[in-house]
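Shown next: work_34.cif, containing mmCIF, C-alpha atoms.
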data_final
#
loop_
_atom_site.label_atom_id
_atom_site.label_comp_id
_atom_site.auth_asym_id
_atom_site.auth_seq_id
_atom_site.Cartn_x
_atom_site.Cartn_y
_atom_site.Cartn_z
CA MET A 1101 -6.86 0.05 -28.50
CA ILE A 1102 -8.47 -1.21 -31.75
CA TYR A 1103 -9.55 -4.82 -31.97
CA GLN A 1104 -11.06 -6.31 -35.18
CA ASN A 1105 -13.54 -9.06 -34.23
CA GLN A 1106 -12.85 -11.73 -36.84
CA SER A 1107 -16.36 -13.17 -36.74
CA THR A 1108 -18.27 -9.91 -37.28
CA LYS A 1109 -15.61 -7.55 -38.68
CA THR A 1110 -16.98 -5.00 -36.21
CA PRO A 1111 -14.33 -2.64 -34.84
CA MET A 1112 -13.77 -2.97 -31.10
CA ILE A 1113 -12.01 -0.15 -29.33
CA PHE A 1114 -10.13 -0.73 -26.10
CA LYS A 1115 -9.16 2.51 -24.46
CA SER A 1116 -5.98 2.94 -22.49
CA VAL A 1117 -6.09 2.03 -18.82
CA PRO A 1118 -5.18 5.04 -16.66
CA VAL A 1119 -3.07 4.39 -13.61
CA ILE A 1120 -3.65 6.46 -10.50
CA ILE A 1121 -0.98 6.93 -7.85
CA LEU A 1122 -2.06 7.13 -4.22
CA VAL A 1123 0.71 7.53 -1.67
CA ALA A 1124 -0.39 7.21 1.90
CA GLY A 1125 1.40 7.33 5.21
CA PHE A 1126 0.08 7.24 8.74
CA TRP A 1127 1.81 8.03 11.98
CA LEU A 1128 0.27 8.09 15.43
CA LEU A 1129 2.44 9.88 17.96
CA ALA A 1130 1.81 10.12 21.65
CA ALA A 1131 4.11 12.25 23.74
CA SER A 1132 4.36 13.45 27.30
CA SER A 1133 6.33 16.46 28.45
CA SER A 1134 10.14 16.16 28.72
CA ARG A 1135 12.94 18.43 29.84
CA ALA A 1136 16.39 19.11 28.42
CA GLU A 1137 19.10 21.68 28.91
CA ASN A 1138 19.10 24.82 26.83
CA PHE A 1139 21.78 27.49 26.78
CA THR A 1140 21.57 30.99 25.32
CA SER A 1141 23.62 34.13 24.97
CA PRO A 1142 23.38 37.21 22.76
CA HIS A 1143 25.22 35.18 20.09
CA TYR A 1144 23.92 31.58 20.27
CA ARG A 1145 21.22 29.20 21.44
CA ILE A 1146 21.82 25.49 22.16
CA GLU A 1147 18.80 23.19 22.43
CA TRP A 1148 20.17 19.70 23.04
CA GLY A 1149 20.06 17.28 25.92
CA ASN A 1150 23.85 17.30 26.36
CA LEU A 1151 27.14 18.47 24.90
CA ASN A 1152 29.47 15.94 23.28
CA ILE A 1153 33.10 15.87 22.20
CA THR A 1154 32.41 15.44 18.49
CA SER A 1155 29.70 14.24 16.13
CA GLY A 1156 28.86 14.32 12.45
CA LYS A 1157 29.41 12.49 9.18
CA LYS A 1158 32.75 11.07 8.10
CA ASN A 1159 33.37 9.37 4.78
CA SER A 1160 35.96 8.20 2.31
CA ALA A 1161 35.88 6.37 -1.00
CA THR A 1162 34.99 3.13 0.79
CA TYR A 1163 32.81 4.03 3.81
CA GLU A 1164 30.47 6.52 5.44
CA LEU A 1165 30.23 6.89 9.23
CA THR A 1166 27.98 8.95 11.48
CA ASP A 1167 29.06 9.20 15.10
CA THR A 1168 28.46 10.73 18.51
CA VAL A 1169 31.41 10.85 20.91
CA GLY A 1170 31.09 11.86 24.55
CA GLN A 1171 27.33 11.55 24.89
CA ASN A 1172 25.93 9.41 27.64
CA ALA A 1173 24.41 6.16 26.28
CA PRO A 1174 24.21 6.81 22.53
CA GLY A 1175 22.58 4.13 20.40
CA ALA A 1176 19.25 2.62 19.38
CA PHE A 1177 17.19 1.09 22.18
CA THR A 1178 13.99 -0.90 21.65
CA ASN A 1179 11.31 -2.52 23.74
CA SER A 1180 7.75 -3.60 23.17
CA GLY A 1181 5.91 -0.65 21.65
CA PHE A 1182 8.74 1.87 21.30
CA ILE A 1183 12.20 2.63 19.92
CA VAL A 1184 14.60 5.29 21.21
CA LYS A 1185 17.45 6.52 19.02
CA SER A 1186 19.91 8.33 21.30
CA GLY A 1187 22.70 10.20 19.56
CA PHE A 1188 23.04 13.18 17.26
CA GLN A 1189 23.70 11.02 14.20
CA TYR A 1190 20.07 9.86 14.23
CA ILE A 1191 18.91 13.29 13.10
CA TYR A 1192 20.06 12.25 9.60
CA ASP A 1193 17.15 9.80 9.41
CA SER A 1194 14.80 12.78 9.30
CA PHE A 1195 16.49 14.06 6.12
CA ASN A 1196 15.45 10.99 4.12
CA LYS A 1197 12.20 11.27 2.18
CA PHE A 1198 9.60 8.62 1.42
CA SER A 1199 8.63 8.65 -2.24
CA PHE A 1200 6.69 6.59 -4.78
CA ARG A 1201 6.26 7.17 -8.50
CA ILE A 1202 5.21 5.64 -11.78
CA ASP A 1203 7.65 6.50 -14.53
CA ASN A 1204 6.66 9.50 -16.61
CA GLY A 1205 4.93 8.61 -19.83
CA GLN A 1206 3.68 5.27 -18.52
CA LEU A 1207 0.37 6.29 -17.00
CA ALA A 1208 -1.66 5.33 -20.09
CA ILE A 1209 -1.66 1.63 -20.99
CA ASN A 1210 -2.51 0.95 -24.64
CA PHE A 1211 -2.77 -2.64 -25.87
CA GLY A 1212 -3.01 -1.68 -29.52
CA THR A 1213 -4.93 -3.88 -31.98
CA LEU A 1214 -6.02 -7.14 -30.36
CA VAL A 1215 -6.44 -10.49 -32.10
CA PRO A 1216 -8.54 -13.27 -30.49
CA ASN A 1217 -6.52 -15.96 -28.68
CA ILE A 1218 -3.30 -13.94 -28.75
CA GLY A 1219 -2.35 -12.40 -25.44
CA VAL A 1220 -1.03 -8.85 -25.52
CA THR A 1221 1.00 -7.11 -22.80
CA ASP A 1222 2.10 -3.61 -21.91
CA THR A 1223 4.19 -2.38 -18.98
CA ASN A 1224 5.06 0.47 -16.69
CA THR A 1225 7.56 0.80 -13.86
CA ILE A 1226 6.97 1.77 -10.25
CA THR A 1227 9.81 3.05 -8.05
CA ILE A 1228 9.81 3.45 -4.28
CA SER A 1229 12.15 4.93 -1.67
CA SER A 1230 11.55 4.32 2.01
CA PRO A 1231 15.00 5.10 3.40
CA ALA A 1232 14.08 5.15 7.10
CA GLY A 1233 12.15 2.75 9.29
CA HIS A 1234 11.39 -0.85 8.40
CA GLY A 1235 10.54 -0.81 4.71
CA TYR A 1236 7.25 -0.46 2.83
CA PHE A 1237 4.21 -2.13 1.29
CA VAL A 1238 2.78 -1.46 -2.20
CA TYR A 1239 -0.88 -2.40 -2.75
CA ALA A 1240 -2.88 -2.58 -6.01
CA ARG A 1241 -6.56 -2.63 -6.90
CA GLU A 1242 -8.95 -1.77 -9.73
CA ASN A 1243 -12.09 0.35 -9.60
CA HIS A 1244 -13.93 -2.30 -11.65
CA PRO A 1245 -13.18 -4.85 -14.43
CA LEU A 1246 -12.57 -3.58 -17.96
CA ARG A 1247 -16.07 -2.51 -18.94
CA GLN A 1248 -18.19 -0.76 -21.55
CA GLU A 1249 -20.58 2.00 -20.54
CA ILE A 1250 -23.48 -0.37 -21.21
CA GLY A 1251 -22.10 -2.83 -18.65
CA ILE A 1252 -20.45 -5.55 -20.77
CA THR A 1253 -17.08 -6.55 -19.27
CA ILE A 1254 -13.88 -8.32 -20.15
CA PRO A 1255 -13.52 -10.68 -17.18
CA ASP A 1256 -10.52 -10.62 -14.88
CA THR A 1257 -8.22 -13.58 -15.46
CA THR A 1258 -8.37 -16.77 -13.40
CA CYS A 1259 -5.09 -18.01 -15.00
CA ASP A 1260 -4.52 -21.41 -16.61
CA ILE A 1261 -6.51 -24.51 -15.68
CA GLY A 1262 -4.70 -26.24 -12.84
CA SER A 1263 -3.01 -23.00 -11.79
CA THR A 1264 -5.94 -20.94 -10.56
CA CYS A 1265 -5.08 -17.42 -9.40
CA SER A 1266 -6.90 -14.83 -7.32
CA PRO A 1267 -6.30 -11.21 -6.28
CA SER A 1268 -4.11 -12.49 -3.41
CA VAL A 1269 -2.45 -15.51 -5.08
CA SER A 1270 -0.69 -15.59 -8.45
CA GLY A 1271 -0.68 -18.48 -10.92
CA THR A 1272 0.76 -19.29 -14.33
CA TRP A 1273 -0.97 -17.80 -17.36
CA ASN A 1274 0.52 -19.11 -20.60
CA LEU A 1275 -2.39 -20.66 -22.53
CA ASN A 1276 -3.85 -18.67 -25.43
CA THR A 1277 -7.27 -20.13 -24.62
CA THR A 1278 -7.35 -18.51 -21.17
CA TYR A 1279 -9.06 -15.14 -21.41
CA GLY A 1280 -9.27 -12.01 -19.31
CA PHE A 1281 -7.23 -9.18 -17.87
CA GLY A 1282 -4.45 -9.49 -15.26
CA PHE A 1283 -1.02 -8.31 -14.22
CA ASN A 1284 2.26 -9.23 -12.55
CA ALA A 1285 5.06 -7.36 -10.77
CA ILE A 1286 8.76 -8.26 -11.09
CA GLY A 1287 11.51 -6.46 -9.16
CA ILE A 1288 14.16 -5.00 -11.47
CA ASN A 1289 17.46 -3.14 -11.20
CA SER A 1290 18.34 0.22 -12.74
CA SER A 1291 19.14 -1.51 -16.05
CA GLY A 1292 15.76 -3.23 -16.20
CA ALA A 1293 17.10 -6.73 -15.45
CA ALA A 1294 14.91 -8.89 -13.23
CA THR A 1295 16.09 -9.20 -9.62
CA HIS A 1296 12.72 -10.16 -8.06
CA ILE A 1297 13.64 -7.99 -5.06
CA GLY A 1298 10.46 -6.98 -3.27
CA THR A 1299 8.17 -9.10 -5.48
CA SER A 1300 9.40 -12.72 -5.16
CA ALA A 1301 6.89 -13.49 -2.40
CA TYR A 1302 4.01 -12.52 -4.69
CA PHE A 1303 5.02 -13.55 -8.24
CA GLY A 1304 7.27 -16.56 -8.87
CA ASN A 1305 8.42 -15.36 -12.30
CA ASP A 1306 7.14 -13.46 -15.32
CA SER A 1307 4.69 -16.29 -16.18
CA TYR A 1308 2.79 -15.70 -12.94
CA PHE A 1309 -0.19 -13.34 -13.03
CA ARG A 1310 -3.13 -12.28 -10.88
CA PRO A 1311 -6.38 -10.44 -11.38
CA LEU A 1312 -6.51 -7.04 -9.73
CA ALA A 1313 -8.71 -6.80 -6.65
CA ASN A 1314 -12.05 -5.40 -7.81
CA VAL A 1315 -13.21 -3.04 -5.06
CA GLU A 1316 -16.42 -1.88 -6.72
CA PRO A 1317 -19.41 -2.33 -4.36
CA PRO A 1318 -20.92 -4.72 -3.48
CA SER A 1319 -17.52 -6.44 -3.71
CA THR A 1320 -15.87 -7.03 -0.32
CA LEU A 1321 -12.38 -7.31 -1.82
CA THR A 1322 -9.62 -4.95 -0.68
CA ALA A 1323 -6.33 -3.86 -2.25
CA GLN A 1324 -3.65 -6.58 -2.14
CA VAL A 1325 0.10 -6.34 -1.47
CA ILE A 1326 2.15 -6.81 -4.65
CA MET A 1327 5.57 -5.64 -3.43
CA SER A 1328 7.21 -5.19 -0.01
CA GLU A 1329 10.50 -5.14 1.87
CA THR A 1330 11.42 -5.02 5.56
CA ALA A 1331 14.45 -2.71 5.45
CA PRO A 1332 15.07 0.88 4.29
CA VAL A 1333 15.40 1.15 0.49
CA THR A 1334 16.25 3.80 -2.07
CA ASN A 1335 14.90 3.70 -5.63
CA HIS A 1336 13.79 0.07 -5.69
CA SER A 1337 11.77 -0.63 -8.82
CA ALA A 1338 9.34 -3.20 -10.18
CA ARG A 1339 8.08 -3.70 -13.71
CA ILE A 1340 4.30 -4.04 -13.81
CA THR A 1341 3.13 -6.12 -16.79
CA TYR A 1342 -0.54 -5.90 -17.77
CA LYS A 1343 -1.92 -8.70 -19.94
CA ILE A 1344 -5.15 -9.06 -21.89
CA ASN A 1345 -6.46 -11.92 -24.02
CA VAL A 1346 -9.93 -12.00 -25.62
CA SER A 1347 -11.98 -14.67 -27.34
CA ALA A 1348 -13.59 -14.41 -30.77
CA ILE A 1349 -17.02 -13.96 -29.18
CA GLN A 1350 -16.05 -10.97 -27.02
CA ALA A 1351 -18.57 -8.20 -27.69
CA ALA A 1352 -17.32 -5.21 -29.65
CA GLY A 1353 -17.10 -1.94 -27.78
CA ASP A 1354 -15.07 0.51 -25.77
CA TYR A 1355 -13.72 -0.97 -22.48
CA GLU A 1356 -11.84 0.82 -19.71
CA ASN A 1357 -11.02 0.87 -16.00
CA SER A 1358 -8.55 2.41 -13.55
CA VAL A 1359 -5.72 0.77 -11.63
CA ILE A 1360 -4.79 2.29 -8.27
CA PHE A 1361 -1.51 1.76 -6.41
CA THR A 1362 -1.09 2.58 -2.72
CA ALA A 1363 2.40 2.83 -1.22
CA ILE A 1364 2.76 2.82 2.57
CA PRO A 1365 5.98 3.23 4.58
CA TYR A 1366 6.46 0.93 7.58
CA TYR A 1367 8.01 2.55 10.65
#
Serialized structure, structure tokens:
Amino acid sequence: MIYQNQSTKTPMIFKSVPVIILVAGFWLLAASSSRAENFTSPHYRIEWGNLNITSGKKNSATYELTDTVGQNAPGAFTNSGFIVKSGFQYIYDSFNKFSFRIDNGQLAINFGTLVPNIGVTDTNTITISSPAGHGYFVYARENHPLRQEIGITIPDTTCDIGSTCSPSVSGTWNLNTTYGFGFNAIGINSSGAATHIGTSAYFGNDSYFRPLANVEPPSTLTAQVIMSETAPVTNHSARITYKINVSAIQAAGDYENSVIFTAIPYY
């Protein structure tokens, strides 16, 4: 990114901001021994707890049904600390895959030539599928503020006066006299239209921004949730908008940092 400082005419170069994807999942399983029937012959082996009349997937143009007929007590049963899914149709849950991605070609953020007091934005799109369990959380953080090798930084935004924001709370950022670097996340559909699904609890609209959580020691900040849902989803997307605005006295130089997303399924 090339920025011409109007007061000194010294070229200022802002490099693209790389985005790193980190997908993490954690499961802790504790199991004791159990017994079930198993039948074998020279031609087959059956390893199920019972035999039923019929089971499988049925569908038409207007519905899809999975069923188990003839099994004792099929269904989903829950209590404090556990859930039991009894019935052959629940094996289909295991076929669904958790995934998270940033659209190809959008890993490098380039703000182009910057002019003091004129905010500039660039975007990429994240997409998540968590088709089993109870949804997901997406977290974001930065390794450090935008910074030169010699230590000079572009500060993270604090948003407009009267609408202060933080890594955990968004605020409006519209004034061209408010400087820094920040972002927002807006849920979108497959056509790119805003739906706010998954992000409405964190960003009121596209005027709301936050600074990224700076996790560089000795900072005690941690990554913050920017998108979440409490039900299984497939290919739910959010547009991430990065914004930068600099003053005329910002030192010339080459600034860069990394943004890290962490996506976690919730089971």
ask   = For the file shown, what are the residues hit by the PyMOL selection byres ((chain A and resi 1321) around 12), laid out as a PyMOL selection string?
value = chain A and resi 1240-1244+1266-1268+1311-1320+1322-1324
Just C-alpha atoms for this one: save the residues we selected as a short mmCIF file (atom, residue, chain, number, x, y, z; two decimals), in the coordinates of the input.
data_model
loop_
_atom_site.label_atom_id
_atom_site.label_comp_id
_atom_site.auth_asym_id
_atom_site.auth_seq_id
_atom_site.Cartn_x
_atom_site.Cartn_y
_atom_site.Cartn_z
CA ALA A 1240 -2.88 -2.58 -6.01
CA ARG A 1241 -6.56 -2.63 -6.90
CA GLU A 1242 -8.95 -1.77 -9.73
CA ASN A 1243 -12.09 0.35 -9.60
CA HIS A 1244 -13.93 -2.30 -11.65
CA SER A 1266 -6.90 -14.83 -7.32
CA PRO A 1267 -6.30 -11.21 -6.28
CA SER A 1268 -4.11 -12.49 -3.41
CA PRO A 1311 -6.38 -10.44 -11.38
CA LEU A 1312 -6.51 -7.04 -9.73
CA ALA A 1313 -8.71 -6.80 -6.65
CA ASN A 1314 -12.05 -5.40 -7.81
CA VAL A 1315 -13.21 -3.04 -5.06
CA GLU A 1316 -16.42 -1.88 -6.72
CA PRO A 1317 -19.41 -2.33 -4.36
CA PRO A 1318 -20.92 -4.72 -3.48
CA SER A 1319 -17.52 -6.44 -3.71
CA THR A 1320 -15.87 -7.03 -0.32
CA THR A 1322 -9.62 -4.95 -0.68
CA ALA A 1323 -6.33 -3.86 -2.25
CA GLN A 1324 -3.65 -6.58 -2.14
#
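If all atoms listed in the file are the atoms counted, then among A:Pro1365, A:Gly1233, A:Pro1142, A:Gly1170 the closest residue to Ser1199 in chain A is A:Pro1365.
Of the listed residues (A:Gly1262, A:Gly1287, A:Pro1245, A:Gly1304), A:Pro1245 comes nearest to Ile1344 in chain A; the distances count only C-alpha atoms.
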Skipping near chain neighbours, those fewer than 3 positions away, what residues fall within 6 Å of Ser1347 in chain A using all atoms listed in the file, listed as a compact mmCIF listing (two decimals) with C-alpha atoms, keeping the file's coordinate frame?
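Written file, out-v2.txt:
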# COMPACT_ATOMS: atom_id res chain seq x y z
CA PRO A 1216 -8.54 -13.27 -30.49
CA ASN A 1217 -6.52 -15.96 -28.68
CA GLN A 1350 -16.05 -10.97 -27.02
For the PyMOL selection byres ((chain A and resi 1259) around 12), applied here, can you spell out every residue it catches as a PDB file with C-alpha atoms, keeping the file's coordinate frame?
ATOM      1  CA  PRO A1255     -13.520 -10.680 -17.180  1.00  0.00           C
ATOM      2  CA  ASP A1256     -10.520 -10.620 -14.880  1.00  0.00           C
ATOM      3  CA  THR A1257      -8.220 -13.580 -15.460  1.00  0.00           C
ATOM      4  CA  THR A1258      -8.370 -16.770 -13.400  1.00  0.00           C
ATOM      5  CA  ASP A1260      -4.520 -21.410 -16.610  1.00  0.00           C
ATOM      6  CA  ILE A1261      -6.510 -24.510 -15.680  1.00  0.00           C
ATOM      7  CA  GLY A1262      -4.700 -26.240 -12.840  1.00  0.00           C
ATOM      8  CA  SER A1263      -3.010 -23.000 -11.790  1.00  0.00           C
ATOM      9  CA  THR A1264      -5.940 -20.940 -10.560  1.00  0.00           C
ATOM     10  CA  CYS A1265      -5.080 -17.420  -9.400  1.00  0.00           C
ATOM     11  CA  SER A1266      -6.900 -14.830  -7.320  1.00  0.00           C
ATOM     12  CA  PRO A1267      -6.300 -11.210  -6.280  1.00  0.00           C
ATOM     13  CA  VAL A1269      -2.450 -15.510  -5.080  1.00  0.00           C
ATOM     14  CA  SER A1270      -0.690 -15.590  -8.450  1.00  0.00           C
ATOM     15  CA  GLY A1271      -0.680 -18.480 -10.920  1.00  0.00           C
ATOM     16  CA  THR A1272       0.760 -19.290 -14.330  1.00  0.00           C
ATOM     17  CA  TRP A1273      -0.970 -17.800 -17.360  1.00  0.00           C
ATOM     18  CA  ASN A1274       0.520 -19.110 -20.600  1.00  0.00           C
ATOM     19  CA  LEU A1275      -2.390 -20.660 -22.530  1.00  0.00           C
ATOM     20  CA  ASN A1276      -3.850 -18.670 -25.430  1.00  0.00           C
ATOM     21  CA  THR A1277      -7.270 -20.130 -24.620  1.00  0.00           C
ATOM     22  CA  THR A1278      -7.350 -18.510 -21.170  1.00  0.00           C
ATOM     23  CA  TYR A1279      -9.060 -15.140 -21.410  1.00  0.00           C
ATOM     24  CA  GLY A1280      -9.270 -12.010 -19.310  1.00  0.00           C
ATOM     25  CA  PHE A1281      -7.230  -9.180 -17.870  1.00  0.00           C
ATOM     26  CA  GLY A1282      -4.450  -9.490 -15.260  1.00  0.00           C
ATOM     27  CA  PHE A1283      -1.020  -8.310 -14.220  1.00  0.00           C
ATOM     28  CA  ASN A1284       2.260  -9.230 -12.550  1.00  0.00           C
ATOM     29  CA  SER A1307       4.690 -16.290 -16.180  1.00  0.00           C
ATOM     30  CA  TYR A1308       2.790 -15.700 -12.940  1.00  0.00           C
ATOM     31  CA  PHE A1309      -0.190 -13.340 -13.030  1.00  0.00           C
ATOM     32  CA  ARG A1310      -3.130 -12.280 -10.880  1.00  0.00           C
ATOM     33  CA  PRO A1311      -6.380 -10.440 -11.380  1.00  0.00           C
ATOM     34  CA  LYS A1343      -1.920  -8.700 -19.940  1.00  0.00           C
ATOM     35  CA  ILE A1344      -5.150  -9.060 -21.890  1.00  0.00           C
ATOM     36  CA  ASN A1345      -6.460 -11.920 -24.020  1.00  0.00           C
TER      37      ASN A1345
END
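Considering all atoms listed in the file, the residue among A:Ile1326, A:Ala1232, A:Ala1173, A:Ala1285 positioned nearest to Asp1306 in chain A is A:Ala1285.
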query = Could you state the separation of CA of Asn1179 in chain A and CA of Pro1231 in chain A in Å, given to one decimal place?
reply = 22.0 Å
Within 7 Å of Lys1157 in chain A using only C-alpha atoms, minus same-chain residues under 5 positions, as JSON, numbers by chain = {"A": [1165, 1166, 1167]}
Would you output that residue set with C-alpha atoms, as an mmCIF file, keeping the file's coordinate frame?
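As written to disk, result_29.cif reads:
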data_model
loop_
_atom_site.group_PDB
_atom_site.id
_atom_site.type_symbol
_atom_site.label_atom_id
_atom_site.label_comp_id
_atom_site.auth_asym_id
_atom_site.auth_seq_id
_atom_site.Cartn_x
_atom_site.Cartn_y
_atom_site.Cartn_z
ATOM 1 C CA LEU A 1165 30.230 6.890 9.230
ATOM 2 C CA THR A 1166 27.980 8.950 11.480
ATOM 3 C CA ASP A 1167 29.060 9.200 15.100
#
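We find CA of Arg1247 in chain A and CA of Thr1225 in chain A to be spaced 24.4 Å apart.
The coordinates place CA of Ile1250 in chain A at 27.6 Å from CA of Thr1341 in chain A.
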ask   = Using only C-alpha atoms, which residues sit within 12 Å of Ser1290 in chain A once same-chain residues fewer than 4 positions away are excluded, as a PyMOL selection string?
value = chain A and resi 1225-1227+1294-1295+1334-1339
Expected selection from the PyMOL selection byres ((chain A and resi 1297) around 8), given as a VMD selection string = chain A and resid 1286 to 1288 1295 to 1296 1298 to 1300
Using the incomplete input, complete range 1334-1356 of chain A to the level of N, CA and C atoms; output as a PDB file, keeping the file's coordinate frame.
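That gives us part_37.pdb:
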ATOM      1  N   THR A1334      16.199   2.596  -1.254  1.00  0.00           N
ATOM      2  CA  THR A1334      16.250   3.800  -2.070  1.00  0.00           C
ATOM      3  C   THR A1334      16.138   3.407  -3.535  1.00  0.00           C
ATOM      4  N   ASN A1335      15.122   3.926  -4.190  1.00  0.00           N
ATOM      5  CA  ASN A1335      14.900   3.700  -5.630  1.00  0.00           C
ATOM      6  C   ASN A1335      14.864   2.222  -6.000  1.00  0.00           C
ATOM      7  N   HIS A1336      14.046   1.454  -5.294  1.00  0.00           N
ATOM      8  CA  HIS A1336      13.790   0.070  -5.690  1.00  0.00           C
ATOM      9  C   HIS A1336      12.604   0.054  -6.649  1.00  0.00           C
ATOM     10  N   SER A1337      12.765  -0.668  -7.748  1.00  0.00           N
ATOM     11  CA  SER A1337      11.770  -0.630  -8.820  1.00  0.00           C
ATOM     12  C   SER A1337      11.171  -1.998  -9.096  1.00  0.00           C
ATOM     13  N   ALA A1338       9.972  -1.986  -9.679  1.00  0.00           N
ATOM     14  CA  ALA A1338       9.340  -3.200 -10.180  1.00  0.00           C
ATOM     15  C   ALA A1338       8.677  -2.882 -11.510  1.00  0.00           C
ATOM     16  N   ARG A1339       8.765  -3.833 -12.428  1.00  0.00           N
ATOM     17  CA  ARG A1339       8.080  -3.700 -13.710  1.00  0.00           C
ATOM     18  C   ARG A1339       6.702  -4.334 -13.580  1.00  0.00           C
ATOM     19  N   ILE A1340       5.669  -3.543 -13.846  1.00  0.00           N
ATOM     20  CA  ILE A1340       4.300  -4.040 -13.810  1.00  0.00           C
ATOM     21  C   ILE A1340       3.900  -4.398 -15.247  1.00  0.00           C
ATOM     22  N   THR A1341       3.556  -5.657 -15.461  1.00  0.00           N
ATOM     23  CA  THR A1341       3.130  -6.120 -16.790  1.00  0.00           C
ATOM     24  C   THR A1341       1.636  -6.397 -16.770  1.00  0.00           C
ATOM     25  N   TYR A1342       0.897  -5.707 -17.628  1.00  0.00           N
ATOM     26  CA  TYR A1342      -0.540  -5.900 -17.770  1.00  0.00           C
ATOM     27  C   TYR A1342      -0.779  -6.786 -19.000  1.00  0.00           C
ATOM     28  N   LYS A1343      -1.671  -7.755 -18.847  1.00  0.00           N
ATOM     29  CA  LYS A1343      -1.920  -8.700 -19.940  1.00  0.00           C
ATOM     30  C   LYS A1343      -3.414  -8.807 -20.206  1.00  0.00           C
ATOM     31  N   ILE A1344      -3.753  -8.887 -21.493  1.00  0.00           N
ATOM     32  CA  ILE A1344      -5.150  -9.060 -21.890  1.00  0.00           C
ATOM     33  C   ILE A1344      -5.211 -10.085 -23.019  1.00  0.00           C
ATOM     34  N   ASN A1345      -6.218 -10.945 -22.952  1.00  0.00           N
ATOM     35  CA  ASN A1345      -6.460 -11.920 -24.020  1.00  0.00           C
ATOM     36  C   ASN A1345      -7.973 -12.076 -24.155  1.00  0.00           C
ATOM     37  N   VAL A1346      -8.478 -11.938 -25.392  1.00  0.00           N
ATOM     38  CA  VAL A1346      -9.930 -12.000 -25.620  1.00  0.00           C
ATOM     39  C   VAL A1346     -10.262 -13.134 -26.560  1.00  0.00           C
ATOM     40  N   SER A1347     -11.496 -13.619 -26.451  1.00  0.00           N
ATOM     41  CA  SER A1347     -11.980 -14.670 -27.340  1.00  0.00           C
ATOM     42  C   SER A1347     -12.650 -14.052 -28.563  1.00  0.00           C
ATOM     43  N   ALA A1348     -12.956 -14.888 -29.541  1.00  0.00           N
ATOM     44  CA  ALA A1348     -13.590 -14.410 -30.770  1.00  0.00           C
ATOM     45  C   ALA A1348     -15.028 -13.967 -30.553  1.00  0.00           C
ATOM     46  N   ILE A1349     -15.635 -14.342 -29.436  1.00  0.00           N
ATOM     47  CA  ILE A1349     -17.020 -13.960 -29.180  1.00  0.00           C
ATOM     48  C   ILE A1349     -17.127 -12.757 -28.238  1.00  0.00           C
ATOM     49  N   GLN A1350     -15.987 -12.147 -27.883  1.00  0.00           N
ATOM     50  CA  GLN A1350     -16.050 -10.970 -27.020  1.00  0.00           C
ATOM     51  C   GLN A1350     -16.796  -9.846 -27.745  1.00  0.00           C
ATOM     52  N   ALA A1351     -17.753  -9.248 -27.068  1.00  0.00           N
ATOM     53  CA  ALA A1351     -18.570  -8.200 -27.690  1.00  0.00           C
ATOM     54  C   ALA A1351     -17.723  -6.994 -28.066  1.00  0.00           C
ATOM     55  N   ALA A1352     -18.015  -6.415 -29.211  1.00  0.00           N
ATOM     56  CA  ALA A1352     -17.320  -5.210 -29.650  1.00  0.00           C
ATOM     57  C   ALA A1352     -17.705  -4.038 -28.762  1.00  0.00           C
ATOM     58  N   GLY A1353     -16.794  -3.111 -28.583  1.00  0.00           N
ATOM     59  CA  GLY A1353     -17.100  -1.940 -27.780  1.00  0.00           C
ATOM     60  C   GLY A1353     -15.856  -1.296 -27.206  1.00  0.00           C
ATOM     61  N   ASP A1354     -16.111  -0.299 -26.390  1.00  0.00           N
ATOM     62  CA  ASP A1354     -15.070   0.510 -25.770  1.00  0.00           C
ATOM     63  C   ASP A1354     -15.009   0.113 -24.289  1.00  0.00           C
ATOM     64  N   TYR A1355     -13.865  -0.478 -23.838  1.00  0.00           N
ATOM     65  CA  TYR A1355     -13.720  -0.970 -22.480  1.00  0.00           C
ATOM     66  C   TYR A1355     -12.638  -0.162 -21.749  1.00  0.00           C
ATOM     67  N   GLU A1356     -12.862   0.108 -20.468  1.00  0.00           N
ATOM     68  CA  GLU A1356     -11.840   0.820 -19.710  1.00  0.00           C
ATOM     69  C   GLU A1356     -12.038   0.601 -18.209  1.00  0.00           C
TER      70      GLU A1356
END
